[in-house]
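Have a look at the structure below before the remarks.
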Amino acid sequence: MEDVLDLYAEPEDPKRPRVCFDECPYQLISETRQPLPGKPGRPQRYDYEYKREGTCNLFMFVQPHVGWRHVKITDQRTKADFAQCMKDLVDLHFPDAELIRVTLDNLNTHTPAALYEAFEPAEARRIIRKLEFHYTPKHGSWLNMAEIEFSVLAGQCLDRRLPDTTTVSSEVAAWEAERNAERATINWRFTTDKARSNHHNQFGKVLGGEQTAEWPKSSENHQQGTGEGSLFSFVSALVRVFRALALRRRLAFCW
């Protein structure tokens, strides 16, 4: 976690750009009936029935501190697709960069080995030399700011029925051009200090080179047997007694 957060906190360096990378599927849906056009005081109306047209995949590249993003649309998500995305990152989007630092999750296709499977060894090595992968921790993909950009894309562009990849590509390209023109950035506020403060029970505190964990207050109170815990136990026992008496009266009445 701290590796990714420290990377986010570094100043921007054009020679060593920071790029967040992620992917997600998108369901293609077509209409079974022609929607009724909108009128003054009445929005456009759609029928509740629709037809599934398969899925496509969206690859997201985003520089959250610069305000640049690019979405690549493919039919599927394979190791070869990931390798081609990394090649595009090196040769098309940042050809003059000395090193591209990529934040991504631990998906099984997100490995340097994928490039060796897609390209010749010399070509794969050339691409990998210009890449530095920073993986989010397991169950911590929310640290990848590309997911935030996907949320914006879903709310501003993909919240409707699109029937094919051609339409998706056209609509996403228009959204991408407008958002890049605005140079919309992401205001990331979760820092390493906040992570240590909020998760000190998991990480512990580093004191004098030794790590000591702190117990939650609730566990400490439970061990000491505070008055509040004793009162709660008494009330719980009293409730169980009344429930038992009520059950006995019901059984006696039925008998």
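By convention here, the chains of the structure tokens are called A, B, ... in the order presented, each chain's residues are numbered starting at 1, and ligands are numbered starting at 1 in the order presented.
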Can you tell me, as a compact mmCIF listing (two decimals) with all heavy atoms, in the first residue's frame, what residues are no more than 12 Å from A:Asp105 when counting only C-alpha atoms, ignoring any on the same chain fewer than 5 positions away?
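Wrote result33.txt, looks like this:
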```txt
# COMPACT_ATOMS: atom_id res chain seq x y z
N MET A 1 0.83 -1.20 0.00
CA MET A 1 0.00 0.00 0.00
C MET A 1 0.86 1.26 0.00
O MET A 1 0.63 2.19 -0.76
CB MET A 1 -0.94 0.01 1.21
CG MET A 1 -1.77 1.28 1.33
SD MET A 1 -2.78 1.37 2.81
CE MET A 1 -4.00 0.13 2.47
N VAL A 4 2.44 2.38 -3.34
CA VAL A 4 1.56 3.12 -4.25
C VAL A 4 1.32 4.53 -3.74
O VAL A 4 1.36 5.50 -4.51
CB VAL A 4 0.23 2.36 -4.42
CG1 VAL A 4 -0.75 3.18 -5.25
CG2 VAL A 4 0.46 1.00 -5.06
N CYS A 20 -1.84 5.33 -14.19
CA CYS A 20 -2.69 4.30 -13.58
C CYS A 20 -3.38 3.52 -14.70
O CYS A 20 -3.93 4.12 -15.63
CB CYS A 20 -3.72 4.92 -12.64
SG CYS A 20 -3.01 5.76 -11.21
N PHE A 21 -3.37 2.21 -14.58
CA PHE A 21 -3.89 1.35 -15.65
C PHE A 21 -4.87 0.34 -15.06
O PHE A 21 -4.62 -0.23 -14.00
CB PHE A 21 -2.72 0.61 -16.33
CG PHE A 21 -3.16 -0.38 -17.37
CD1 PHE A 21 -3.43 0.03 -18.66
CD2 PHE A 21 -3.29 -1.73 -17.05
CE1 PHE A 21 -3.83 -0.89 -19.62
CE2 PHE A 21 -3.69 -2.65 -18.01
CZ PHE A 21 -3.96 -2.23 -19.30
N ASP A 22 -5.97 0.16 -15.76
CA ASP A 22 -6.97 -0.83 -15.31
C ASP A 22 -7.85 -1.19 -16.49
O ASP A 22 -7.79 -0.56 -17.56
CB ASP A 22 -7.81 -0.26 -14.15
CG ASP A 22 -8.47 -1.36 -13.33
OD1 ASP A 22 -8.20 -2.55 -13.59
OD2 ASP A 22 -9.27 -1.03 -12.43
N GLU A 23 -8.70 -2.19 -16.31
CA GLU A 23 -9.64 -2.59 -17.35
C GLU A 23 -10.95 -3.03 -16.72
O GLU A 23 -11.01 -3.36 -15.53
CB GLU A 23 -9.09 -3.72 -18.22
CG GLU A 23 -8.93 -5.06 -17.51
CD GLU A 23 -7.63 -5.14 -16.76
OE1 GLU A 23 -6.57 -5.08 -17.37
OE2 GLU A 23 -7.72 -5.24 -15.51
N HIS A 110 -1.42 -9.24 -15.70
CA HIS A 110 -0.58 -8.06 -15.50
C HIS A 110 0.83 -8.45 -15.06
O HIS A 110 1.27 -8.13 -13.96
CB HIS A 110 -1.21 -7.13 -14.47
CG HIS A 110 -2.50 -6.54 -14.90
ND1 HIS A 110 -3.30 -5.78 -14.06
CD2 HIS A 110 -3.15 -6.59 -16.09
CE1 HIS A 110 -4.38 -5.40 -14.72
NE2 HIS A 110 -4.32 -5.87 -15.95
N THR A 111 1.54 -9.12 -15.91
CA THR A 111 2.89 -9.57 -15.58
C THR A 111 3.83 -9.30 -16.75
O THR A 111 3.40 -9.26 -17.90
CB THR A 111 2.90 -11.08 -15.27
OG1 THR A 111 2.49 -11.81 -16.45
CG2 THR A 111 1.97 -11.41 -14.11
N PHE A 133 6.50 -1.40 -12.71
CA PHE A 133 5.17 -1.75 -12.22
C PHE A 133 5.08 -1.54 -10.71
O PHE A 133 5.96 -1.97 -9.95
CB PHE A 133 4.85 -3.21 -12.55
CG PHE A 133 4.69 -3.47 -14.03
CD1 PHE A 133 5.10 -4.68 -14.58
CD2 PHE A 133 4.13 -2.51 -14.85
CE1 PHE A 133 4.95 -4.92 -15.94
CE2 PHE A 133 3.98 -2.74 -16.21
CZ PHE A 133 4.39 -3.96 -16.76
N HIS A 134 3.98 -0.91 -10.29
CA HIS A 134 3.67 -0.72 -8.87
C HIS A 134 2.28 -1.34 -8.64
O HIS A 134 1.27 -0.78 -9.05
CB HIS A 134 3.66 0.76 -8.49
CG HIS A 134 4.99 1.42 -8.60
ND1 HIS A 134 5.82 1.62 -7.51
CD2 HIS A 134 5.65 1.91 -9.68
CE1 HIS A 134 6.93 2.22 -7.91
NE2 HIS A 134 6.86 2.40 -9.23
N TYR A 135 2.27 -2.49 -7.98
CA TYR A 135 1.03 -3.25 -7.81
C TYR A 135 0.30 -2.82 -6.54
O TYR A 135 0.91 -2.60 -5.49
CB TYR A 135 1.32 -4.74 -7.75
CG TYR A 135 1.84 -5.32 -9.05
CD1 TYR A 135 3.20 -5.54 -9.24
CD2 TYR A 135 0.96 -5.66 -10.08
CE1 TYR A 135 3.68 -6.07 -10.43
CE2 TYR A 135 1.43 -6.19 -11.27
CZ TYR A 135 2.79 -6.40 -11.44
OH TYR A 135 3.26 -6.92 -12.62
N THR A 136 -1.02 -2.71 -6.65
CA THR A 136 -1.84 -2.49 -5.46
C THR A 136 -1.88 -3.78 -4.66
O THR A 136 -1.76 -4.88 -5.22
CB THR A 136 -3.26 -2.08 -5.84
OG1 THR A 136 -3.85 -3.11 -6.65
CG2 THR A 136 -3.25 -0.77 -6.62
N PRO A 137 -2.07 -3.71 -3.34
CA PRO A 137 -2.12 -4.93 -2.53
C PRO A 137 -3.37 -5.75 -2.83
O PRO A 137 -4.34 -5.26 -3.43
CB PRO A 137 -2.12 -4.41 -1.09
CG PRO A 137 -2.63 -3.02 -1.20
CD PRO A 137 -2.18 -2.50 -2.51
N LYS A 138 -3.36 -6.99 -2.41
CA LYS A 138 -4.52 -7.86 -2.60
C LYS A 138 -5.72 -7.27 -1.88
O LYS A 138 -5.63 -6.82 -0.75
CB LYS A 138 -4.20 -9.26 -2.06
CG LYS A 138 -5.26 -10.30 -2.38
CD LYS A 138 -4.83 -11.67 -1.89
CE LYS A 138 -5.87 -12.72 -2.24
NZ LYS A 138 -5.47 -14.07 -1.77
N HIS A 139 -6.87 -7.28 -2.55
CA HIS A 139 -8.11 -6.66 -2.05
C HIS A 139 -7.94 -5.15 -1.85
O HIS A 139 -8.71 -4.53 -1.12
CB HIS A 139 -8.56 -7.29 -0.73
CG HIS A 139 -8.73 -8.77 -0.79
ND1 HIS A 139 -9.61 -9.38 -1.65
CD2 HIS A 139 -8.12 -9.77 -0.10
CE1 HIS A 139 -9.54 -10.70 -1.49
NE2 HIS A 139 -8.64 -10.95 -0.57
N GLY A 140 -6.95 -4.57 -2.52
CA GLY A 140 -6.73 -3.13 -2.40
C GLY A 140 -6.71 -2.43 -3.74
O GLY A 140 -6.02 -1.42 -3.90
N SER A 141 -7.45 -2.95 -4.71
CA SER A 141 -7.46 -2.32 -6.04
C SER A 141 -8.09 -0.94 -6.03
O SER A 141 -7.93 -0.17 -6.97
CB SER A 141 -8.22 -3.22 -7.03
OG SER A 141 -9.56 -3.42 -6.62
N TRP A 142 -8.82 -0.60 -4.92
CA TRP A 142 -9.40 0.74 -4.81
C TRP A 142 -8.31 1.82 -4.73
O TRP A 142 -8.60 3.01 -4.92
CB TRP A 142 -10.30 0.82 -3.57
CG TRP A 142 -9.61 0.44 -2.29
CD1 TRP A 142 -9.52 -0.80 -1.76
CD2 TRP A 142 -8.92 1.32 -1.39
NE1 TRP A 142 -8.80 -0.77 -0.58
CE2 TRP A 142 -8.42 0.51 -0.32
CE3 TRP A 142 -8.67 2.69 -1.36
CZ2 TRP A 142 -7.70 1.06 0.74
CZ3 TRP A 142 -7.95 3.22 -0.31
CH2 TRP A 142 -7.48 2.40 0.74
N LEU A 143 -7.06 1.42 -4.47
CA LEU A 143 -5.96 2.37 -4.46
C LEU A 143 -5.57 2.82 -5.87
O LEU A 143 -4.82 3.78 -6.03
CB LEU A 143 -4.74 1.76 -3.77
CG LEU A 143 -4.85 1.56 -2.26
CD1 LEU A 143 -3.74 0.66 -1.76
CD2 LEU A 143 -4.82 2.89 -1.54
N ASN A 144 -6.06 2.12 -6.87
CA ASN A 144 -5.75 2.47 -8.25
C ASN A 144 -6.71 3.57 -8.71
O ASN A 144 -7.92 3.35 -8.80
CB ASN A 144 -5.88 1.24 -9.15
CG ASN A 144 -5.33 1.46 -10.54
OD1 ASN A 144 -5.11 2.59 -10.96
ND2 ASN A 144 -5.12 0.39 -11.27
N MET A 145 -6.18 4.75 -9.00
CA MET A 145 -7.04 5.87 -9.39
C MET A 145 -7.71 5.68 -10.74
O MET A 145 -8.62 6.42 -11.10
CB MET A 145 -6.25 7.17 -9.37
CG MET A 145 -6.05 7.74 -7.98
SD MET A 145 -5.44 9.43 -7.98
CE MET A 145 -3.68 9.14 -7.96
N ALA A 146 -7.29 4.67 -11.50
CA ALA A 146 -7.99 4.37 -12.76
C ALA A 146 -9.42 3.95 -12.49
O ALA A 146 -10.30 4.15 -13.33
CB ALA A 146 -7.24 3.28 -13.52
N GLU A 147 -9.69 3.34 -11.32
CA GLU A 147 -11.06 2.97 -10.97
C GLU A 147 -11.94 4.20 -10.78
O GLU A 147 -13.13 4.18 -11.08
CB GLU A 147 -11.07 2.10 -9.72
CG GLU A 147 -10.46 0.73 -9.92
CD GLU A 147 -10.80 -0.24 -8.79
OE1 GLU A 147 -11.44 0.20 -7.82
OE2 GLU A 147 -10.43 -1.42 -8.90
```
Would you pick out the contacts of A:Cys157 at 8 Å or less, using only C-alpha atoms, so that residues sharing its chain but fewer than 6 positions from it are not included, and give the list as a list in words? Glu171, Val172 and Trp175 of chain A
Mind dumping the selected residues with all heavy atoms as a PDB file, in the first residue's frame?
```
ATOM      1  N   GLU A 171     -18.465   7.105 -28.849  1.00  0.00           N
ATOM      2  CA  GLU A 171     -18.931   7.863 -27.689  1.00  0.00           C
ATOM      3  C   GLU A 171     -17.807   8.065 -26.667  1.00  0.00           C
ATOM      4  O   GLU A 171     -17.669   9.148 -26.092  1.00  0.00           O
ATOM      5  CB  GLU A 171     -20.113   7.135 -27.043  1.00  0.00           C
ATOM      6  CG  GLU A 171     -21.347   7.031 -27.923  1.00  0.00           C
ATOM      7  CD  GLU A 171     -21.937   8.385 -28.246  1.00  0.00           C
ATOM      8  OE1 GLU A 171     -21.866   9.289 -27.384  1.00  0.00           O
ATOM      9  OE2 GLU A 171     -22.461   8.562 -29.365  1.00  0.00           O
ATOM     10  N   VAL A 172     -17.014   7.032 -26.452  1.00  0.00           N
ATOM     11  CA  VAL A 172     -15.919   7.145 -25.488  1.00  0.00           C
ATOM     12  C   VAL A 172     -14.848   8.111 -25.992  1.00  0.00           C
ATOM     13  O   VAL A 172     -14.274   8.882 -25.204  1.00  0.00           O
ATOM     14  CB  VAL A 172     -15.319   5.752 -25.197  1.00  0.00           C
ATOM     15  CG1 VAL A 172     -14.033   5.878 -24.398  1.00  0.00           C
ATOM     16  CG2 VAL A 172     -16.317   4.891 -24.437  1.00  0.00           C
ATOM     17  N   TRP A 175     -16.049  11.596 -25.269  1.00  0.00           N
ATOM     18  CA  TRP A 175     -15.908  11.888 -23.840  1.00  0.00           C
ATOM     19  C   TRP A 175     -14.444  12.126 -23.482  1.00  0.00           C
ATOM     20  O   TRP A 175     -14.118  13.050 -22.730  1.00  0.00           O
ATOM     21  CB  TRP A 175     -16.459  10.709 -23.037  1.00  0.00           C
ATOM     22  CG  TRP A 175     -16.164  10.765 -21.575  1.00  0.00           C
ATOM     23  CD1 TRP A 175     -16.892  11.405 -20.610  1.00  0.00           C
ATOM     24  CD2 TRP A 175     -15.051  10.168 -20.896  1.00  0.00           C
ATOM     25  NE1 TRP A 175     -16.309  11.243 -19.379  1.00  0.00           N
ATOM     26  CE2 TRP A 175     -15.182  10.491 -19.524  1.00  0.00           C
ATOM     27  CE3 TRP A 175     -13.976   9.396 -21.304  1.00  0.00           C
ATOM     28  CZ2 TRP A 175     -14.259  10.060 -18.564  1.00  0.00           C
ATOM     29  CZ3 TRP A 175     -13.050   8.972 -20.360  1.00  0.00           C
ATOM     30  CH2 TRP A 175     -13.193   9.299 -19.005  1.00  0.00           C
TER      31      TRP A 175
END
```
Separation of atom CA of A:Val90 from atom CA of A:Lys72 in Å: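 The value is 14.7 Å.
The space separating atom CA of A:Lys194 from atom CA of A:Val152 comes to 24.8 Å.
Atom pair atom CA of A:Glu12 / atom CA of A:Met60: separated by 19.9 Å.
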Per DSSP on the backbone, what are the alpha helix (DSSP H) residues of stretch 24-227 of chain A, as JSON, numbers by chain? {"A": [79, 80, 81, 82, 83, 84, 85, 86, 87, 88, 113, 114, 115, 116, 117, 118, 121, 122, 123, 124, 125, 126, 127, 128, 146, 147, 148, 149, 150, 151, 152, 153, 154, 155, 156, 165, 166, 167, 168, 169, 170, 171, 172, 173, 174, 175, 176, 177, 178, 179, 180, 181, 182, 192, 193, 194, 195, 196, 197, 198, 200, 201, 202, 203, 217, 218, 219, 220, 221, 222, 223, 224, 227]}
Nearby residues (only C-alpha atoms) at most 9 Å from A:Met86, same-chain spacing under 3 positions excluded, as a ChimeraX atom specification: /A:81-83,89-91,115,127-128,131
I'd like to know which residues of stretch 107-159 of chain A are strand (DSSP E or B) (by DSSP, run on the backbone); could you write them as an NGL selection string? :A and (131-135)
Output of the above residues as a compact mmCIF listing (two decimals), in the first residue's frame, restricted to all heavy atoms:
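Okay, this is what ended up in again.txt:
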```
# COMPACT_ATOMS: atom_id res chain seq x y z
N LEU A 131 9.42 0.29 -18.34
CA LEU A 131 8.25 0.19 -17.46
C LEU A 131 8.67 -0.17 -16.05
O LEU A 131 9.59 -0.97 -15.84
CB LEU A 131 7.27 -0.87 -17.98
CG LEU A 131 6.65 -0.63 -19.36
CD1 LEU A 131 5.84 -1.84 -19.79
CD2 LEU A 131 5.78 0.63 -19.35
N GLU A 132 7.97 0.41 -15.10
CA GLU A 132 8.16 0.08 -13.69
C GLU A 132 6.78 -0.15 -13.08
O GLU A 132 5.99 0.79 -12.95
CB GLU A 132 8.89 1.21 -12.96
CG GLU A 132 9.16 0.93 -11.48
CD GLU A 132 9.86 2.10 -10.81
OE1 GLU A 132 11.11 2.13 -10.85
OE2 GLU A 132 9.17 3.00 -10.30
N PHE A 133 6.50 -1.40 -12.71
CA PHE A 133 5.17 -1.75 -12.22
C PHE A 133 5.08 -1.54 -10.71
O PHE A 133 5.96 -1.97 -9.95
CB PHE A 133 4.85 -3.21 -12.55
CG PHE A 133 4.69 -3.47 -14.03
CD1 PHE A 133 5.10 -4.68 -14.58
CD2 PHE A 133 4.13 -2.51 -14.85
CE1 PHE A 133 4.95 -4.92 -15.94
CE2 PHE A 133 3.98 -2.74 -16.21
CZ PHE A 133 4.39 -3.96 -16.76
N HIS A 134 3.98 -0.91 -10.29
CA HIS A 134 3.67 -0.72 -8.87
C HIS A 134 2.28 -1.34 -8.64
O HIS A 134 1.27 -0.78 -9.05
CB HIS A 134 3.66 0.76 -8.49
CG HIS A 134 4.99 1.42 -8.60
ND1 HIS A 134 5.82 1.62 -7.51
CD2 HIS A 134 5.65 1.91 -9.68
CE1 HIS A 134 6.93 2.22 -7.91
NE2 HIS A 134 6.86 2.40 -9.23
N TYR A 135 2.27 -2.49 -7.98
CA TYR A 135 1.03 -3.25 -7.81
C TYR A 135 0.30 -2.82 -6.54
O TYR A 135 0.91 -2.60 -5.49
CB TYR A 135 1.32 -4.74 -7.75
CG TYR A 135 1.84 -5.32 -9.05
CD1 TYR A 135 3.20 -5.54 -9.24
CD2 TYR A 135 0.96 -5.66 -10.08
CE1 TYR A 135 3.68 -6.07 -10.43
CE2 TYR A 135 1.43 -6.19 -11.27
CZ TYR A 135 2.79 -6.40 -11.44
OH TYR A 135 3.26 -6.92 -12.62
```
